[in-house]
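Source file: model.cif; contents: mmCIF, N, CA and C atoms.
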```cif
data_final
#
loop_
_atom_site.label_atom_id
_atom_site.label_comp_id
_atom_site.auth_asym_id
_atom_site.auth_seq_id
_atom_site.Cartn_x
_atom_site.Cartn_y
_atom_site.Cartn_z
N MET A 1 71.24 -148.15 -23.77
CA MET A 1 71.03 -147.82 -22.36
C MET A 1 69.92 -148.70 -21.78
N ILE A 2 68.86 -148.91 -22.54
CA ILE A 2 67.77 -149.76 -22.06
C ILE A 2 68.27 -151.19 -21.86
N GLY A 3 69.20 -151.61 -22.72
CA GLY A 3 69.76 -152.94 -22.58
C GLY A 3 70.49 -153.13 -21.26
N LEU A 4 71.16 -152.07 -20.79
CA LEU A 4 71.85 -152.15 -19.49
C LEU A 4 70.86 -152.29 -18.35
N ILE A 5 69.74 -151.58 -18.45
CA ILE A 5 68.71 -151.66 -17.40
C ILE A 5 68.09 -153.06 -17.40
N VAL A 6 67.79 -153.57 -18.60
CA VAL A 6 67.22 -154.92 -18.71
C VAL A 6 68.21 -155.95 -18.16
N LYS A 7 69.50 -155.77 -18.44
CA LYS A 7 70.53 -156.69 -17.93
C LYS A 7 70.47 -156.75 -16.41
N ASP A 8 70.39 -155.58 -15.77
CA ASP A 8 70.33 -155.55 -14.30
C ASP A 8 69.07 -156.21 -13.78
N LEU A 9 67.94 -155.97 -14.43
CA LEU A 9 66.68 -156.56 -13.96
C LEU A 9 66.68 -158.08 -14.14
N ILE A 10 67.22 -158.55 -15.26
CA ILE A 10 67.30 -160.00 -15.48
C ILE A 10 68.25 -160.62 -14.46
N GLN A 11 69.34 -159.92 -14.19
CA GLN A 11 70.33 -160.42 -13.24
C GLN A 11 69.72 -160.54 -11.83
N MET A 12 68.81 -159.64 -11.49
CA MET A 12 68.22 -159.63 -10.15
C MET A 12 66.86 -160.32 -10.10
N LYS A 13 66.48 -161.02 -11.14
CA LYS A 13 65.15 -161.60 -11.24
C LYS A 13 64.79 -162.48 -10.05
N ARG A 14 65.65 -163.42 -9.71
CA ARG A 14 65.37 -164.33 -8.60
C ARG A 14 65.33 -163.60 -7.27
N MET A 15 66.24 -162.67 -7.11
CA MET A 15 66.29 -161.90 -5.87
C MET A 15 65.03 -161.05 -5.70
N LEU A 16 64.55 -160.48 -6.80
CA LEU A 16 63.36 -159.64 -6.73
C LEU A 16 62.12 -160.46 -6.37
N LYS A 17 62.06 -161.70 -6.82
CA LYS A 17 60.94 -162.57 -6.43
C LYS A 17 60.92 -162.77 -4.92
N THR A 18 62.09 -162.95 -4.34
CA THR A 18 62.19 -163.11 -2.89
C THR A 18 61.76 -161.83 -2.18
N PHE A 19 62.18 -160.69 -2.70
CA PHE A 19 61.80 -159.41 -2.10
C PHE A 19 60.29 -159.18 -2.16
N VAL A 20 59.68 -159.57 -3.27
CA VAL A 20 58.23 -159.42 -3.39
C VAL A 20 57.52 -160.30 -2.37
N ALA A 21 58.01 -161.51 -2.19
CA ALA A 21 57.42 -162.41 -1.18
C ALA A 21 57.55 -161.81 0.22
N ILE A 22 58.70 -161.23 0.52
CA ILE A 22 58.90 -160.60 1.83
C ILE A 22 57.95 -159.41 2.00
N MET A 23 57.82 -158.61 0.94
CA MET A 23 56.92 -157.44 1.01
C MET A 23 55.48 -157.88 1.24
N LEU A 24 55.05 -158.94 0.55
CA LEU A 24 53.68 -159.43 0.75
C LEU A 24 53.47 -159.91 2.18
N LEU A 25 54.48 -160.57 2.74
CA LEU A 25 54.40 -161.01 4.13
C LEU A 25 54.22 -159.80 5.06
N TYR A 26 54.98 -158.75 4.82
CA TYR A 26 54.87 -157.58 5.67
C TYR A 26 53.58 -156.80 5.45
N VAL A 27 53.01 -156.88 4.26
CA VAL A 27 51.70 -156.27 4.04
C VAL A 27 50.65 -156.99 4.88
N VAL A 28 50.74 -158.31 4.91
CA VAL A 28 49.81 -159.09 5.73
C VAL A 28 50.01 -158.76 7.21
N LEU A 29 51.26 -158.71 7.64
CA LEU A 29 51.52 -158.37 9.04
C LEU A 29 51.05 -156.94 9.36
N GLY A 30 51.25 -156.03 8.42
CA GLY A 30 50.77 -154.66 8.62
C GLY A 30 49.26 -154.60 8.69
N ALA A 31 48.58 -155.41 7.88
CA ALA A 31 47.12 -155.44 7.91
C ALA A 31 46.61 -155.97 9.24
N VAL A 32 47.30 -156.98 9.78
CA VAL A 32 46.91 -157.54 11.07
C VAL A 32 47.11 -156.51 12.17
N GLN A 33 48.22 -155.76 12.10
CA GLN A 33 48.52 -154.76 13.13
C GLN A 33 47.82 -153.43 12.88
N GLY A 34 47.34 -153.22 11.65
CA GLY A 34 46.68 -151.97 11.32
C GLY A 34 47.63 -150.82 11.04
N SER A 35 48.86 -151.12 10.73
CA SER A 35 49.87 -150.10 10.46
C SER A 35 50.66 -150.48 9.22
N SER A 36 50.88 -149.48 8.36
CA SER A 36 51.65 -149.76 7.14
C SER A 36 53.02 -149.11 7.16
N ALA A 37 53.45 -148.63 8.30
CA ALA A 37 54.74 -147.93 8.38
C ALA A 37 55.90 -148.85 8.00
N ILE A 38 55.83 -150.10 8.39
CA ILE A 38 56.92 -151.02 8.11
C ILE A 38 57.05 -151.29 6.61
N VAL A 39 55.94 -151.22 5.89
CA VAL A 39 55.97 -151.50 4.45
C VAL A 39 56.80 -150.44 3.72
N GLY A 40 56.62 -149.17 4.07
CA GLY A 40 57.41 -148.10 3.46
C GLY A 40 58.88 -148.21 3.80
N THR A 41 59.15 -148.51 5.05
CA THR A 41 60.54 -148.67 5.49
C THR A 41 61.19 -149.85 4.78
N LEU A 42 60.48 -150.93 4.68
CA LEU A 42 61.00 -152.11 4.00
C LEU A 42 61.20 -151.84 2.51
N GLY A 43 60.34 -151.01 1.91
CA GLY A 43 60.51 -150.64 0.51
C GLY A 43 61.82 -149.94 0.26
N VAL A 44 62.18 -149.02 1.15
CA VAL A 44 63.46 -148.32 1.02
C VAL A 44 64.61 -149.30 1.19
N MET A 45 64.50 -150.17 2.18
CA MET A 45 65.58 -151.14 2.43
C MET A 45 65.76 -152.08 1.24
N ILE A 46 64.67 -152.51 0.63
CA ILE A 46 64.76 -153.42 -0.50
C ILE A 46 65.41 -152.73 -1.70
N CYS A 47 65.06 -151.47 -1.93
CA CYS A 47 65.69 -150.74 -3.04
C CYS A 47 67.19 -150.60 -2.82
N VAL A 48 67.58 -150.29 -1.61
CA VAL A 48 69.01 -150.14 -1.31
C VAL A 48 69.72 -151.49 -1.44
N MET A 49 69.10 -152.55 -0.90
CA MET A 49 69.71 -153.88 -1.00
C MET A 49 69.81 -154.33 -2.45
N ALA A 50 68.81 -154.02 -3.26
CA ALA A 50 68.85 -154.39 -4.67
C ALA A 50 69.98 -153.65 -5.38
N GLY A 51 70.17 -152.38 -5.04
CA GLY A 51 71.27 -151.61 -5.64
C GLY A 51 72.62 -152.16 -5.27
N LEU A 52 72.80 -152.45 -4.00
CA LEU A 52 74.07 -153.01 -3.55
C LEU A 52 74.30 -154.40 -4.13
N SER A 53 73.25 -155.20 -4.20
CA SER A 53 73.38 -156.54 -4.77
C SER A 53 73.74 -156.48 -6.25
N SER A 54 73.15 -155.53 -6.95
CA SER A 54 73.45 -155.37 -8.36
C SER A 54 74.92 -155.01 -8.57
N LEU A 55 75.42 -154.10 -7.76
CA LEU A 55 76.83 -153.74 -7.85
C LEU A 55 77.73 -154.92 -7.48
N SER A 56 77.32 -155.66 -6.47
CA SER A 56 78.10 -156.82 -6.04
C SER A 56 78.12 -157.91 -7.12
N MET A 57 76.97 -158.17 -7.74
CA MET A 57 76.92 -159.18 -8.79
C MET A 57 77.75 -158.76 -10.00
N ASP A 58 77.72 -157.47 -10.32
CA ASP A 58 78.55 -156.98 -11.42
C ASP A 58 80.02 -157.17 -11.13
N GLU A 59 80.40 -156.89 -9.90
CA GLU A 59 81.80 -157.04 -9.51
C GLU A 59 82.22 -158.52 -9.52
N HIS A 60 81.35 -159.37 -9.01
CA HIS A 60 81.65 -160.80 -8.96
C HIS A 60 81.79 -161.40 -10.36
N GLY A 61 80.94 -160.96 -11.28
CA GLY A 61 80.99 -161.46 -12.65
C GLY A 61 81.97 -160.72 -13.54
N LYS A 62 82.73 -159.81 -12.95
CA LYS A 62 83.71 -159.00 -13.68
C LYS A 62 83.06 -158.23 -14.83
N TRP A 63 81.84 -157.76 -14.58
CA TRP A 63 81.11 -156.99 -15.57
C TRP A 63 81.80 -155.67 -15.87
N ASN A 64 82.40 -155.07 -14.88
CA ASN A 64 83.02 -153.76 -15.07
C ASN A 64 84.10 -153.81 -16.15
N GLN A 65 84.90 -154.87 -16.17
CA GLN A 65 85.93 -155.00 -17.18
C GLN A 65 85.31 -155.19 -18.57
N TYR A 66 84.27 -155.99 -18.64
CA TYR A 66 83.61 -156.24 -19.92
C TYR A 66 82.88 -154.99 -20.40
N ALA A 67 82.25 -154.26 -19.49
CA ALA A 67 81.46 -153.09 -19.86
C ALA A 67 82.32 -152.01 -20.52
N LEU A 68 83.57 -151.93 -20.14
CA LEU A 68 84.44 -150.91 -20.73
C LEU A 68 84.75 -151.19 -22.19
N THR A 69 84.54 -152.44 -22.64
CA THR A 69 84.76 -152.75 -24.05
C THR A 69 83.54 -152.46 -24.91
N LEU A 70 82.41 -152.19 -24.28
CA LEU A 70 81.18 -151.89 -25.00
C LEU A 70 81.17 -150.43 -25.45
N PRO A 71 80.31 -150.11 -26.41
CA PRO A 71 80.29 -148.73 -26.90
C PRO A 71 79.51 -147.78 -25.99
N TYR A 72 79.65 -147.93 -24.69
CA TYR A 72 79.02 -147.05 -23.71
C TYR A 72 80.13 -146.32 -22.95
N SER A 73 79.86 -145.08 -22.64
CA SER A 73 80.81 -144.35 -21.81
C SER A 73 80.58 -144.72 -20.35
N ARG A 74 81.53 -144.37 -19.51
CA ARG A 74 81.37 -144.64 -18.08
C ARG A 74 80.15 -143.90 -17.52
N THR A 75 79.92 -142.72 -18.03
CA THR A 75 78.77 -141.93 -17.59
C THR A 75 77.47 -142.65 -17.93
N GLN A 76 77.39 -143.21 -19.12
CA GLN A 76 76.18 -143.94 -19.51
C GLN A 76 75.97 -145.18 -18.64
N LEU A 77 77.04 -145.85 -18.28
CA LEU A 77 76.92 -147.02 -17.40
C LEU A 77 76.37 -146.63 -16.04
N VAL A 78 76.85 -145.52 -15.50
CA VAL A 78 76.39 -145.06 -14.19
C VAL A 78 74.94 -144.58 -14.28
N VAL A 79 74.62 -143.84 -15.34
CA VAL A 79 73.24 -143.34 -15.51
C VAL A 79 72.27 -144.51 -15.65
N ALA A 80 72.66 -145.56 -16.37
CA ALA A 80 71.80 -146.74 -16.51
C ALA A 80 71.54 -147.38 -15.15
N LYS A 81 72.57 -147.44 -14.30
CA LYS A 81 72.40 -148.03 -12.97
C LYS A 81 71.42 -147.19 -12.14
N TYR A 82 71.57 -145.87 -12.20
CA TYR A 82 70.65 -144.99 -11.47
C TYR A 82 69.23 -145.08 -12.03
N MET A 83 69.10 -145.23 -13.34
CA MET A 83 67.76 -145.36 -13.93
C MET A 83 67.09 -146.65 -13.47
N MET A 84 67.88 -147.73 -13.39
CA MET A 84 67.33 -148.99 -12.92
C MET A 84 66.87 -148.87 -11.46
N LEU A 85 67.69 -148.21 -10.65
CA LEU A 85 67.31 -148.04 -9.24
C LEU A 85 66.13 -147.10 -9.09
N SER A 86 66.03 -146.09 -9.95
CA SER A 86 64.87 -145.20 -9.94
C SER A 86 63.61 -145.96 -10.32
N LEU A 87 63.72 -146.86 -11.29
CA LEU A 87 62.59 -147.69 -11.67
C LEU A 87 62.15 -148.57 -10.51
N LEU A 88 63.10 -149.19 -9.83
CA LEU A 88 62.76 -150.01 -8.66
C LEU A 88 62.13 -149.18 -7.55
N ALA A 89 62.65 -147.96 -7.34
CA ALA A 89 62.08 -147.09 -6.31
C ALA A 89 60.65 -146.71 -6.67
N GLY A 90 60.40 -146.45 -7.93
CA GLY A 90 59.04 -146.13 -8.37
C GLY A 90 58.09 -147.29 -8.18
N ILE A 91 58.55 -148.49 -8.51
CA ILE A 91 57.73 -149.69 -8.32
C ILE A 91 57.44 -149.90 -6.84
N MET A 92 58.46 -149.73 -6.00
CA MET A 92 58.26 -149.89 -4.55
C MET A 92 57.33 -148.81 -4.00
N ALA A 93 57.40 -147.61 -4.54
CA ALA A 93 56.50 -146.55 -4.09
C ALA A 93 55.05 -146.89 -4.42
N VAL A 94 54.82 -147.39 -5.62
CA VAL A 94 53.46 -147.80 -6.01
C VAL A 94 53.02 -148.96 -5.12
N PHE A 95 53.89 -149.92 -4.89
CA PHE A 95 53.57 -151.06 -4.03
C PHE A 95 53.23 -150.59 -2.62
N THR A 96 53.97 -149.61 -2.11
CA THR A 96 53.71 -149.09 -0.78
C THR A 96 52.35 -148.39 -0.72
N MET A 97 52.03 -147.62 -1.75
CA MET A 97 50.74 -146.94 -1.77
C MET A 97 49.59 -147.93 -1.87
N VAL A 98 49.76 -148.98 -2.67
CA VAL A 98 48.73 -150.02 -2.77
C VAL A 98 48.59 -150.74 -1.42
N ALA A 99 49.71 -150.98 -0.75
CA ALA A 99 49.67 -151.62 0.57
C ALA A 99 48.92 -150.74 1.56
N ASP A 100 49.11 -149.42 1.50
CA ASP A 100 48.36 -148.51 2.37
C ASP A 100 46.86 -148.65 2.13
N ILE A 101 46.48 -148.75 0.87
CA ILE A 101 45.06 -148.88 0.53
C ILE A 101 44.52 -150.22 1.01
N ILE A 102 45.30 -151.28 0.83
CA ILE A 102 44.87 -152.62 1.24
C ILE A 102 44.74 -152.71 2.76
N ILE A 103 45.68 -152.12 3.46
CA ILE A 103 45.67 -152.21 4.92
C ILE A 103 44.47 -151.48 5.51
N GLY A 104 43.89 -150.59 4.74
CA GLY A 104 42.66 -149.99 5.20
C GLY A 104 42.70 -148.51 5.45
N ARG A 105 43.79 -147.89 5.16
CA ARG A 105 43.86 -146.45 5.39
C ARG A 105 43.20 -145.69 4.25
N GLY A 106 42.97 -146.37 3.14
CA GLY A 106 42.36 -145.73 1.99
C GLY A 106 43.33 -144.77 1.32
N ILE A 107 42.84 -144.07 0.34
CA ILE A 107 43.67 -143.09 -0.36
C ILE A 107 43.63 -141.79 0.42
N SER A 108 44.78 -141.37 0.90
CA SER A 108 44.87 -140.12 1.65
C SER A 108 46.21 -139.47 1.35
N SER A 109 46.42 -138.33 1.97
CA SER A 109 47.69 -137.64 1.74
C SER A 109 48.86 -138.44 2.30
N SER A 110 48.62 -139.21 3.36
CA SER A 110 49.71 -140.01 3.92
C SER A 110 50.11 -141.14 2.98
N THR A 111 49.17 -141.62 2.15
CA THR A 111 49.50 -142.65 1.17
C THR A 111 50.51 -142.11 0.17
N ALA A 112 50.26 -140.92 -0.34
CA ALA A 112 51.19 -140.30 -1.28
C ALA A 112 52.51 -139.96 -0.60
N GLU A 113 52.43 -139.54 0.65
CA GLU A 113 53.66 -139.22 1.39
C GLU A 113 54.53 -140.47 1.55
N ASN A 114 53.92 -141.61 1.85
CA ASN A 114 54.69 -142.85 1.99
C ASN A 114 55.38 -143.21 0.68
N GLY A 115 54.68 -143.03 -0.44
CA GLY A 115 55.28 -143.30 -1.73
C GLY A 115 56.46 -142.38 -2.01
N LEU A 116 56.32 -141.10 -1.69
CA LEU A 116 57.42 -140.15 -1.88
C LEU A 116 58.60 -140.47 -0.98
N VAL A 117 58.31 -140.88 0.24
CA VAL A 117 59.39 -141.25 1.17
C VAL A 117 60.19 -142.41 0.61
N VAL A 118 59.51 -143.39 0.02
CA VAL A 118 60.21 -144.54 -0.55
C VAL A 118 61.10 -144.09 -1.70
N ILE A 119 60.58 -143.26 -2.58
CA ILE A 119 61.38 -142.82 -3.74
C ILE A 119 62.56 -141.98 -3.29
N ILE A 120 62.31 -140.97 -2.48
CA ILE A 120 63.38 -140.06 -2.06
C ILE A 120 64.39 -140.79 -1.18
N GLY A 121 63.92 -141.59 -0.26
CA GLY A 121 64.83 -142.33 0.62
C GLY A 121 65.71 -143.29 -0.16
N SER A 122 65.12 -143.98 -1.14
CA SER A 122 65.89 -144.93 -1.93
C SER A 122 66.95 -144.22 -2.75
N LEU A 123 66.54 -143.18 -3.43
CA LEU A 123 67.50 -142.49 -4.30
C LEU A 123 68.59 -141.78 -3.50
N PHE A 124 68.22 -141.21 -2.36
CA PHE A 124 69.22 -140.54 -1.53
C PHE A 124 70.24 -141.54 -0.99
N THR A 125 69.75 -142.67 -0.52
CA THR A 125 70.64 -143.69 0.02
C THR A 125 71.54 -144.27 -1.05
N VAL A 126 70.98 -144.50 -2.24
CA VAL A 126 71.77 -145.04 -3.34
C VAL A 126 72.82 -144.01 -3.78
N ALA A 127 72.48 -142.74 -3.72
CA ALA A 127 73.45 -141.70 -4.10
C ALA A 127 74.65 -141.71 -3.17
N LEU A 128 74.46 -142.15 -1.93
CA LEU A 128 75.55 -142.20 -0.98
C LEU A 128 76.46 -143.40 -1.20
N GLU A 129 75.99 -144.39 -1.97
CA GLU A 129 76.81 -145.57 -2.24
C GLU A 129 77.97 -145.14 -3.05
#
```

Represent the structure from my file as structure tokens, please.
Amino acid sequence: MIGLIVKDLIQMKRMLKTFVAIMLLYVVLGAVQGSSAIVGTLGVMICVMAGLSSLSMDEHGKWNQYALTLPYSRTQLVVAKYMMLSLLAGIMAVFTMVADIIIGRGISSSTAENGLVVIIGSLFTVALE
């Protein structure tokens, strides 16, 4: 199962570098404007885009046909995908909370709320896929 998660992360390696660069740009813009609301929103969008891109890359590479020959059940394949997206949502939540601290709001209840919004929003949206 861990191998499936690592496969997805390796597959999205280049894309994630681009997303991190975009997030850093928006942290700087948020610091200039004094608002970190866009960082949390962008975190949710990046998690959703990463999930959709992962599914698209799997489909393009015909991974689904190959995966059925592996000793994993369909349930395990789906659970691994959700675990990978949960990991990304957790990383984005931490990134959002750090961005709140950097932008100058300090550690407050709204910092934790932004992190929870990223996690819940990402997982809810991915569940709808």

Separating atom CA of Leu9 of chain A from atom CA of Thr69 of chain A, to the nearest tenth of an Å, is a gap of 21.1 Å

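Between atom CA of Gly34 of chain A and atom CA of Ile103 of chain A lies a distance of 6.5 Å.
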
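Contact shell of Gly43 of chain A at 7 Å (all atoms listed in the file; same-chain neighbours under 3 positions omitted): Ile38, Val39, Gly40, Ile46, Cys47, Val48, Met92, Ala93, Val118 and Ser122 of chain A.
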
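Using only N, CA and C atoms, the smallest distance between any of A:Met45, A:Leu4, A:Ala50, A:Leu29 and Leu16 of chain A comes from A:Ala50.
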
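For the atom pair formed by atom CA of Leu52 of chain A and atom N of Arg14 of chain A, the distance is 14.7 Å, given to one decimal.
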